[in-house]
Structure formats: structure tokens, C-alpha cells
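Chemist: Here it is: the structure, laid out below.
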Amino acid sequence: MEYVLQVHGVVRRRPEGTDNPEMSTGTIDVVADRVEILNASKVPPFLINRDENIDELRRMQYRYLDLRRPNMQQNMILRHRTVKFLRDFLDGQGFIEIETPILFKTTPEGARDFLVPSRLQPGKFYALPQSPQQLKQLLMVAGYEKYFQVARCFRDEDLRGDRQPEFTQLDMELSFVEREDVMRLMEAMVLALCENVVPHMPLKYKPLRRLTYTEAMEAYGSDKPDLRYDLEAVDVTDIAGRSAFPIFQQNAEAGKPIKVVRAPGLHVRRDDPAQILSGEGLKRQMKELEDLVRTVGAKGLAYMALPLDETGEVKGPIGKYFTVEQKLALFERTGAQPGDILMFLSDKRETVWAAVDKLRRSLAETLNLADPNQLAFAWIIDFPMFYWDEENQRWDPSQHMFTMPMPEDIPLLDTDPGKARGSQYDLICNGYEIGGGSIRIHDRSLQEKMFPLIGQSMEHAREQFGHMLEAFEYGVPPHGGMAWGVDRLVMLFAQVDNIREVTAFPKTQSGLDVMAHAPSAAEPGQLEELYIRLAPLPEKGETAAP
Ligand code: ASP
């Protein structure tokens with residue numbers, strides 16, 4: 001297996017009755033008269049022609065063999081077709097692709113920079129771009145009205161299934177546009193892309209659904225909710241706050257919300273839908289869910305489990321505190337059906353959000369609610385400009401520092417920055433953020449106002465971003481844009497749950513390339529040339545020096 005051969009012979013139709021419909025070449029044969037071995041192969045560490053469960057580290061170590069496997073080939077082709085479609089689409093709209101440097105200066109998008117030491121300027125470092133944000137804005141200053149780039153971006157952060165230290169964005173920027181213009185074009189592009197590249201995957205929303213940040217958080221506890229399934233949190237503060245359950249009474253009085261997530265059929269036995277769970281089974285299941293929401297700070301998870309018919313009773317520890325009318329009002333508000341479980345969350349708003357998000361994700365898995373074939377693209381808009389960073393006592397931009405506030409909210413920057421909304425728009429799908437963008441600040445004085453708000457001294461800001469501020473004094477068209485995460489998009493199209501499956505040579509969760517052994521130690525001579533000396537490394541178990 002895996003030898004590379006050259007075969008001379010005659011191609012012929014297979015004799016009657018010997019066709020193999022399983023093979024793309026199943027109707028022909030080559031009648032060979034000479035076979036030459038061009039290259040032999042050792043026995044490969046795993047089977048190439050069969051998709052079986054292979055240890056991922058082994059796949060990474062022999063990635064060139066892993067990439068030979070048919071489903072990886074399919075993924076790479078899908079990626080190519082996606083990017084090709086997007087390039088052609090933008091070209092058709094009059095965009096031009098412009099490359100921007102990889103060796104640059106900090107371009108913050110909320111992660112750590114990767115630094116590259118300079119030999120020619122000893123003691124100085126380039127930063128790899130977290131995105132081409134500043135450069136594409138400078139291209140707008142330069143008069144290139146429609147720019148795009150299939151851009152490699154670098155962010156030094158903890159890795160997850162949907163994150164790699166380097167990843168690919170479809171990066172775009174346009175001049176003389178408002179939020180609606182960008183969103184309309186992007187929506188047309190996403191619909192055309194899906195229709196052409198994944199016509200077998202149905203779109204849940206067409207046109208795309210739009211939710212404000214607050215609507216998304218209140219209903220789904222996340223700014224990138226998976227909208228393939230409902231599991232919406234419903235506010236029941238008015239009903240539950242009047243029950244006799246003391247915690248609900250106190251919380252409602254203190255202005256804390258009480259919300260219900262209705263899990264359809266969760267009270268029903270998975271192996272026998274005609275029966276409800278046993279008392280023990282119900283308790284065990286609810287304890288697991290309670291432990292889950294406790295991980296994000298919720299203090300508990302009260303519940304009511306509904307019977308299958310009128311002869312049964314509502315189970316759960318809080319039922320007794322509710323009058324019949326209150327229960328009926330709850331069932332009506334939440335759309336409860338026989339066999340459902342209503343789960344109650346009450347806490348600070350943010351804690352309830354985090355718990356709702358956890359619950360939804362877990363319930364969708366238990367109840368198998370998410371169809372992997374469906375795509376639920378939607379827009380999230382009206383984000384807050386900033387989130388409060390309690391630890392550092394400053395505002396953090398919810399997108400980046402170049403985002404324009406909503407025009408009517410600009411005065412709030414001086415009075416109540418926490419209330420200001422940004423002109424940001426995120427494209428989400430199936431629980432992932434697929435893209436984000438905004439209309440940008442193009443006015444020097446407004447841009448300068450951002451730095452103290454986000455805890456940067458003017459001196460530091462001028463040092464890091466002086467070139468932007470200066471450029472803003474030479475006739476800047478209003479502009480805005482967006483970037484899409486190509487890896488995540490292709491991951492959804494390929495119906496896999498990890499971007500490593502759609503990246504030819506990815507890193508492991510700990511940032512390693514286990515095939516080529518990167519990162520690796522530098523030669524002493526290289527370090528000398530760079531005037532770099534290594535400090536002693538931390539002992540095992542010790543944390544690294546700050
Ligand atoms: N630079 C942004 C990002 O990388 C995208 C944008 O605002 O266009 O998320």
C-alpha cells in the first residue's frame with residue numbers, strides 16, 4: 001500500500017458484470033504490460049483509505065499521510081472552493097485584493113501579540129498582525145475604495161477547537177458606506193456562497209435574522225447563540241416573584257431577573273417515551289445540570305418537571321410554593337408541554353446569561369436538537385462599545401478601538417461610556433462568531449478620545465498609533481468593513497467541530513507542530529546576532545516570570 005507506481009497499458013471498459021459502482025473508476029480497467037515502482041512506501045502508521053478513529057497526535061505527526069485520506073482531501077477542496085467563490089464574488093463587486101505586511105506593529109484585537117526580534121534594529125521587535133485592521137483603514141485613506149485580502153492573522157491566546165495561533169480571515173473594507181450598506185453586501189455574499197458551495201445545507205433564515213446584543217443575551221445568554229434550536233430563556237420575574245418561594249421573592253425585589261428555560265421532553269425517559277424518568281433519574285439529571293450552571297457562578301437550578309398527562313403531578317422542589325394559577329400562568333408564558341422540564345435561573349443579569357448559555361448548549365446535546373446539516377446564519381447588532389474590566393478598572397473595547405460609536409451615542413462617551421453602543425455587526429452561525437466588523441472612526445479627535453477611556457496614556461497611544469492619527473488629518477473618507485473567519489466557516493460547511501480538520505498544517509492545543517517540532521530552540525549564534533539572552537526557564541510547576 002501507498003507505493004507510487006507507473007503503469008503502462010491499455011485502458012479498456014471492464015468486462016460485462018465486473019463494474020464496481022463504489023469506485024469512480026469502476027467501469028474501466030488498465031490492462032498493464034509494464035509496471036515500474038517510482039517510490040516505495042513503508043507500512044503507513046494508519047490506514048489511508050479508511051476513515052477510522054485515529055489518534056489525533058499521530059495524525060498530526062504524519063500530517064502528510066493524514067492529508068492523503070479522502071475526507072481530508074474533501075475538506076481541503078471545500079476550503080479552496082469557499083475561498084475561490086469569495087474572491088470571485090468580491091472581484092465582481094469591484095474589490096481589489098491588496099497584501100499587507102506580516103512584519104508590522106501591534107494591531108490589537110484583544111489578544112497577545114507574537115513578537116519577532118529584528119536583527120537589523122537590535123533590541124526592537126516587529127509584532128505580527130492580529131488583523132490587518134490599521135492597514136486596511138490606511139488603504140481607505142489612500143483612496144482604494146474597496147479592498148479585500150485573504151489575510152493570515154496571528155493571535156497569541158489559549159487555543160480551543162475554533163482557535164489557532166494563526167488563522168485566515170477574509171478581510172474587507174469599503175469607503176463611503178454606512179452600516180446598512182456593509183451588512184447588505186455581506187448578506188448577499190453569504191447567501192450566494194451557501195447556495196453555490198453547500199447547496200445541500202439548508203439555511204434557517206433567509207433573509208438573515210437580526211438580533212440586538214441585548215436581545216441575544218436576554219433570550220440565549222450569548223452573543224453568538226446557536227439558533228438552530230429554540231431553548232429560549234423566558235422572563236417570569238413577575239409571576240415567580242409573587243410565588244411563596246423566598247429566594248424568588250427576595251431576588252425580584254432586589255431587581256434580579258427570574259428566567260425559565262424550557263427543556264422539551266427532558267422529563268421523558270430516553271429509552272421509553274411513554275414513561276417519565278424515575279424520581280432518582282430526574283434528581284440525578286437535574287443535579288448534573290445544576291453542577292454545570294454552578295461553574296459559571298449560578299447558585300442553584302430550581303425546576304418543575306411536568307407529567308405526561310393530567311393524572312400525574314408536577315415534580316420538583318419548588319412546585320409547592322406556587323399556586324395553581326401561578327403554575328398555569330408559567331406554563332402559558334413558557335409554552336410548556338407534557339413531559340417538559342422548566343428550569344429557573346435567578347441571579348445578577350450577567351450570571352443568568354452565562355447560565356442560560358451553558359444550559360442551552362448542554363440541553364441541545366442531550367436532546368439532540370442541533371441539525372449538523374442546517375446553517376442558522378444571523379446578525380448581532382447594537383453591541384455595547386465597551387465592557388468594564390473589573391480587574392484593571394478600565395473599559396475594554398468590545399470590538400476594537402477603531403469602532404465608531406453609533407452616531408446618536410457619541411455624547412455618551414463623555415457622560416456614560418458603558419451605555420454607548422458601537423456601530424459593530426457580527427455574523428454568527430450555529431454557535432460561532434463567523435465574522436465581525438464596524439463603521440470606523442475617521443476623525444482624529446474622536447479617535448484620540450478613545451485612548452484614555454480604554455486606559456492608554458496619550459503618550460503611549462501616539463507612540464503606537466501616531467501614524468493612524470496623523471493619517472486622519474489628510475482627508476479620510478468615512479469607511480467601514482468586516483472580516484470573516486475562513487477556518488470557522490469551512491469547519492461548519494465540512495460539518496466538523498474543529499478547525500484543525502480544515503487546516504492543512506495546524507498546531508495542537510498547546511501550540512505545537514508535532515510533525516516539524518515547532519517551536520524549537522534557536523541556535524546560540526542566532527540569539528547572539530539578535531542580542532537576545534535567555535532568562536532561566538521556570539521549573540516544572542512554577543509559573544513563568546511575568
Ligand atoms: N479587524 C476586525 C477583526 O479582526 C474585523 C473588522 O473590524 O473588520 O475582528
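Naming scheme: A, B, ... for chains in displayed order of the C-alpha cells; residues 1 onward per chain; ligands 1 onward as shown.
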Report as a PyMOL selection string which protein, DNA and RNA residues come within 9 Å of ligand 1, using only C-alpha atoms and all ligand atoms.

Modeler: chain A and resi 107-109+130-134+136+153+169+171-173+399-400+402-403+424-425+435-440+480-485

Chemist: Would you give me, as a list in words, the residues in region 11-112 of chain A that DSSP reads as strand (DSSP E)?

Modeler: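 Answer for region 11-112 of chain A, restricted to strand (DSSP E): Val11, Arg12, Arg13, Ile28, Asp29, Val30, Val31, Ala32, Asp33, Arg34, Val35, Glu36, Ile37, Leu38, Asn39, Ile96 and Glu97 of chain A.
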
Chemist: Would you write out those residues with N, CA and C atoms, as a PDB file, in the first residue's frame?

Modeler:
```pdb
ATOM      1  N   VAL A  11      -6.167   1.210 -21.572  1.00  0.00           N
ATOM      2  CA  VAL A  11      -7.404   1.417 -20.823  1.00  0.00           C
ATOM      3  C   VAL A  11      -8.542   0.765 -21.600  1.00  0.00           C
ATOM      4  N   ARG A  12      -9.360  -0.016 -20.905  1.00  0.00           N
ATOM      5  CA  ARG A  12     -10.488  -0.647 -21.603  1.00  0.00           C
ATOM      6  C   ARG A  12     -11.717  -0.636 -20.682  1.00  0.00           C
ATOM      7  N   ARG A  13     -12.849  -0.823 -21.298  1.00  0.00           N
ATOM      8  CA  ARG A  13     -14.045  -0.980 -20.491  1.00  0.00           C
ATOM      9  C   ARG A  13     -13.949  -2.297 -19.740  1.00  0.00           C
ATOM     10  N   ILE A  28     -13.814   1.050 -15.724  1.00  0.00           N
ATOM     11  CA  ILE A  28     -12.665   0.796 -16.624  1.00  0.00           C
ATOM     12  C   ILE A  28     -11.587  -0.020 -15.911  1.00  0.00           C
ATOM     13  N   ASP A  29     -10.716  -0.553 -16.712  1.00  0.00           N
ATOM     14  CA  ASP A  29      -9.532  -1.295 -16.266  1.00  0.00           C
ATOM     15  C   ASP A  29      -8.330  -0.759 -17.022  1.00  0.00           C
ATOM     16  N   VAL A  30      -7.139  -0.991 -16.485  1.00  0.00           N
ATOM     17  CA  VAL A  30      -5.940  -0.814 -17.310  1.00  0.00           C
ATOM     18  C   VAL A  30      -5.317  -2.198 -17.443  1.00  0.00           C
ATOM     19  N   VAL A  31      -5.184  -2.628 -18.666  1.00  0.00           N
ATOM     20  CA  VAL A  31      -4.511  -3.909 -18.890  1.00  0.00           C
ATOM     21  C   VAL A  31      -3.020  -3.587 -18.992  1.00  0.00           C
ATOM     22  N   ALA A  32      -2.285  -3.918 -17.928  1.00  0.00           N
ATOM     23  CA  ALA A  32      -0.904  -3.447 -17.818  1.00  0.00           C
ATOM     24  C   ALA A  32       0.055  -4.361 -18.565  1.00  0.00           C
ATOM     25  N   ASP A  33       1.052  -3.733 -19.222  1.00  0.00           N
ATOM     26  CA  ASP A  33       2.116  -4.577 -19.763  1.00  0.00           C
ATOM     27  C   ASP A  33       3.442  -4.275 -19.083  1.00  0.00           C
ATOM     28  N   ARG A  34       3.504  -3.160 -18.327  1.00  0.00           N
ATOM     29  CA  ARG A  34       4.750  -2.852 -17.635  1.00  0.00           C
ATOM     30  C   ARG A  34       4.430  -2.040 -16.370  1.00  0.00           C
ATOM     31  N   VAL A  35       5.038  -2.393 -15.266  1.00  0.00           N
ATOM     32  CA  VAL A  35       4.836  -1.650 -14.023  1.00  0.00           C
ATOM     33  C   VAL A  35       6.196  -1.247 -13.486  1.00  0.00           C
ATOM     34  N   GLU A  36       6.324   0.037 -13.133  1.00  0.00           N
ATOM     35  CA  GLU A  36       7.595   0.498 -12.598  1.00  0.00           C
ATOM     36  C   GLU A  36       7.332   1.107 -11.219  1.00  0.00           C
ATOM     37  N   ILE A  37       8.176   0.789 -10.261  1.00  0.00           N
ATOM     38  CA  ILE A  37       7.999   1.392  -8.932  1.00  0.00           C
ATOM     39  C   ILE A  37       8.733   2.733  -8.918  1.00  0.00           C
ATOM     40  N   LEU A  38       7.991   3.823  -8.811  1.00  0.00           N
ATOM     41  CA  LEU A  38       8.631   5.143  -8.763  1.00  0.00           C
ATOM     42  C   LEU A  38       9.113   5.451  -7.350  1.00  0.00           C
ATOM     43  N   ASN A  39       8.355   4.972  -6.382  1.00  0.00           N
ATOM     44  CA  ASN A  39       8.773   5.165  -4.995  1.00  0.00           C
ATOM     45  C   ASN A  39       8.050   4.162  -4.102  1.00  0.00           C
ATOM     46  N   ILE A  96     -10.541  45.110  -4.894  1.00  0.00           N
ATOM     47  CA  ILE A  96      -9.233  44.593  -5.294  1.00  0.00           C
ATOM     48  C   ILE A  96      -8.506  44.023  -4.075  1.00  0.00           C
ATOM     49  N   GLU A  97      -7.727  42.982  -4.350  1.00  0.00           N
ATOM     50  CA  GLU A  97      -7.006  42.322  -3.251  1.00  0.00           C
ATOM     51  C   GLU A  97      -5.639  42.973  -3.098  1.00  0.00           C
TER      52      GLU A  97
END
```

Chemist: If we count only C-alpha atoms, what is near Thr508 (chain A) at a cut-off of 12 Å, once residues fewer than 4 positions away on the same chain are taken out, given as a list of chain:residue names?

Modeler: A:Glu56, A:Leu57, A:Arg58, A:Arg59, A:Met60, A:Gln61, A:Arg63, A:Asp158, A:Leu159, A:Arg160, A:Gly161, A:Asp162, A:Arg163, A:Gln164, A:Pro165, A:Glu166, A:Asn498, A:Ile499, A:Arg500, A:Glu501, A:Thr503, A:Leu512, A:Asp513, A:Val514, A:Met515, A:His517, A:Ala518, A:Pro519

Chemist: So, with only C-alpha atoms as the atoms that count, which of A:Arg349, A:Asn196, A:Met304, A:Glu253 lies closest to Asp235 (chain A)?

Modeler: A:Arg349

Chemist: Need the shell around Pro372 (chain A): protein/DNA/RNA residues with any atom at most 10 Å away, counting only C-alpha atoms. Skip same-chain ones fewer than 4 positions apart. Format as a PDB file with all heavy atoms, in the first residue's frame?

Modeler:
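Dumped everything to selection30.pdb:
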```pdb
ATOM      1  N   MET A 201     -26.967  22.239   2.188  1.00  0.00           N
ATOM      2  CA  MET A 201     -27.183  22.639   3.586  1.00  0.00           C
ATOM      3  C   MET A 201     -28.257  23.726   3.650  1.00  0.00           C
ATOM      4  O   MET A 201     -28.031  24.843   3.190  1.00  0.00           O
ATOM      5  CB  MET A 201     -25.876  23.136   4.210  1.00  0.00           C
ATOM      6  CG  MET A 201     -24.813  22.061   4.291  1.00  0.00           C
ATOM      7  SD  MET A 201     -23.276  22.634   5.052  1.00  0.00           S
ATOM      8  CE  MET A 201     -23.686  22.480   6.794  1.00  0.00           C
ATOM      9  N   ARG A 228     -30.135  27.181  15.755  1.00  0.00           N
ATOM     10  CA  ARG A 228     -30.796  26.043  15.108  1.00  0.00           C
ATOM     11  C   ARG A 228     -31.899  25.491  16.000  1.00  0.00           C
ATOM     12  O   ARG A 228     -32.805  24.831  15.553  1.00  0.00           O
ATOM     13  CB  ARG A 228     -29.781  24.946  14.787  1.00  0.00           C
ATOM     14  CG  ARG A 228     -28.888  25.284  13.614  1.00  0.00           C
ATOM     15  CD  ARG A 228     -27.811  24.243  13.451  1.00  0.00           C
ATOM     16  NE  ARG A 228     -26.917  24.217  14.602  1.00  0.00           N
ATOM     17  CZ  ARG A 228     -25.945  23.339  14.768  1.00  0.00           C
ATOM     18  NH1 ARG A 228     -25.765  22.382  13.871  1.00  0.00           N
ATOM     19  NH2 ARG A 228     -25.163  23.394  15.820  1.00  0.00           N
ATOM     20  N   ASN A 430     -24.608  28.879  13.934  1.00  0.00           N
ATOM     21  CA  ASN A 430     -24.549  27.624  14.681  1.00  0.00           C
ATOM     22  C   ASN A 430     -23.687  27.709  15.949  1.00  0.00           C
ATOM     23  O   ASN A 430     -22.949  26.777  16.283  1.00  0.00           O
ATOM     24  CB  ASN A 430     -24.026  26.500  13.785  1.00  0.00           C
ATOM     25  CG  ASN A 430     -24.961  26.213  12.610  1.00  0.00           C
ATOM     26  OD1 ASN A 430     -25.911  26.959  12.378  1.00  0.00           O
ATOM     27  ND2 ASN A 430     -24.700  25.148  11.887  1.00  0.00           N
ATOM     28  N   LEU A 492     -17.816  24.704   9.535  1.00  0.00           N
ATOM     29  CA  LEU A 492     -19.271  24.468   9.539  1.00  0.00           C
ATOM     30  C   LEU A 492     -19.711  23.794   8.249  1.00  0.00           C
ATOM     31  O   LEU A 492     -20.545  22.888   8.271  1.00  0.00           O
ATOM     32  CB  LEU A 492     -20.034  25.783   9.719  1.00  0.00           C
ATOM     33  CG  LEU A 492     -19.905  26.463  11.069  1.00  0.00           C
ATOM     34  CD1 LEU A 492     -20.764  27.713  11.112  1.00  0.00           C
ATOM     35  CD2 LEU A 492     -20.324  25.520  12.188  1.00  0.00           C
ATOM     36  N   PHE A 493     -19.139  24.235   7.137  1.00  0.00           N
ATOM     37  CA  PHE A 493     -19.510  23.634   5.856  1.00  0.00           C
ATOM     38  C   PHE A 493     -19.103  22.149   5.813  1.00  0.00           C
ATOM     39  O   PHE A 493     -19.803  21.326   5.244  1.00  0.00           O
ATOM     40  CB  PHE A 493     -18.831  24.364   4.688  1.00  0.00           C
ATOM     41  CG  PHE A 493     -19.404  25.727   4.390  1.00  0.00           C
ATOM     42  CD1 PHE A 493     -18.831  26.540   3.416  1.00  0.00           C
ATOM     43  CD2 PHE A 493     -20.519  26.204   5.066  1.00  0.00           C
ATOM     44  CE1 PHE A 493     -19.359  27.792   3.123  1.00  0.00           C
ATOM     45  CE2 PHE A 493     -21.053  27.460   4.783  1.00  0.00           C
ATOM     46  CZ  PHE A 493     -20.462  28.260   3.808  1.00  0.00           C
ATOM     47  N   ALA A 494     -17.962  21.846   6.414  1.00  0.00           N
ATOM     48  CA  ALA A 494     -17.486  20.461   6.396  1.00  0.00           C
ATOM     49  C   ALA A 494     -18.171  19.623   7.482  1.00  0.00           C
ATOM     50  O   ALA A 494     -17.954  18.411   7.572  1.00  0.00           O
ATOM     51  CB  ALA A 494     -15.974  20.427   6.594  1.00  0.00           C
ATOM     52  N   GLN A 495     -18.972  20.290   8.322  1.00  0.00           N
ATOM     53  CA  GLN A 495     -19.682  19.630   9.421  1.00  0.00           C
ATOM     54  C   GLN A 495     -18.739  18.876  10.354  1.00  0.00           C
ATOM     55  O   GLN A 495     -18.958  17.719  10.697  1.00  0.00           O
ATOM     56  CB  GLN A 495     -20.796  18.723   8.887  1.00  0.00           C
ATOM     57  CG  GLN A 495     -21.779  19.518   8.039  1.00  0.00           C
ATOM     58  CD  GLN A 495     -22.985  18.719   7.586  1.00  0.00           C
ATOM     59  OE1 GLN A 495     -23.337  17.719   8.185  1.00  0.00           O
ATOM     60  NE2 GLN A 495     -23.625  19.179   6.536  1.00  0.00           N
ATOM     61  N   VAL A 496     -17.658  19.569  10.709  1.00  0.00           N
ATOM     62  CA  VAL A 496     -16.738  19.041  11.717  1.00  0.00           C
ATOM     63  C   VAL A 496     -16.725  20.046  12.872  1.00  0.00           C
ATOM     64  O   VAL A 496     -17.249  21.151  12.731  1.00  0.00           O
ATOM     65  CB  VAL A 496     -15.309  18.836  11.144  1.00  0.00           C
ATOM     66  CG1 VAL A 496     -15.301  17.698  10.151  1.00  0.00           C
ATOM     67  CG2 VAL A 496     -14.768  20.118  10.510  1.00  0.00           C
ATOM     68  N   ASP A 497     -16.165  19.634  14.027  1.00  0.00           N
ATOM     69  CA  ASP A 497     -16.277  20.560  15.150  1.00  0.00           C
ATOM     70  C   ASP A 497     -14.932  21.147  15.562  1.00  0.00           C
ATOM     71  O   ASP A 497     -14.746  21.566  16.685  1.00  0.00           O
ATOM     72  CB  ASP A 497     -16.964  19.879  16.340  1.00  0.00           C
ATOM     73  CG  ASP A 497     -16.242  18.613  16.726  1.00  0.00           C
ATOM     74  OD1 ASP A 497     -15.125  18.397  16.215  1.00  0.00           O
ATOM     75  OD2 ASP A 497     -16.787  17.843  17.535  1.00  0.00           O
TER      76      ASP A 497
END
```
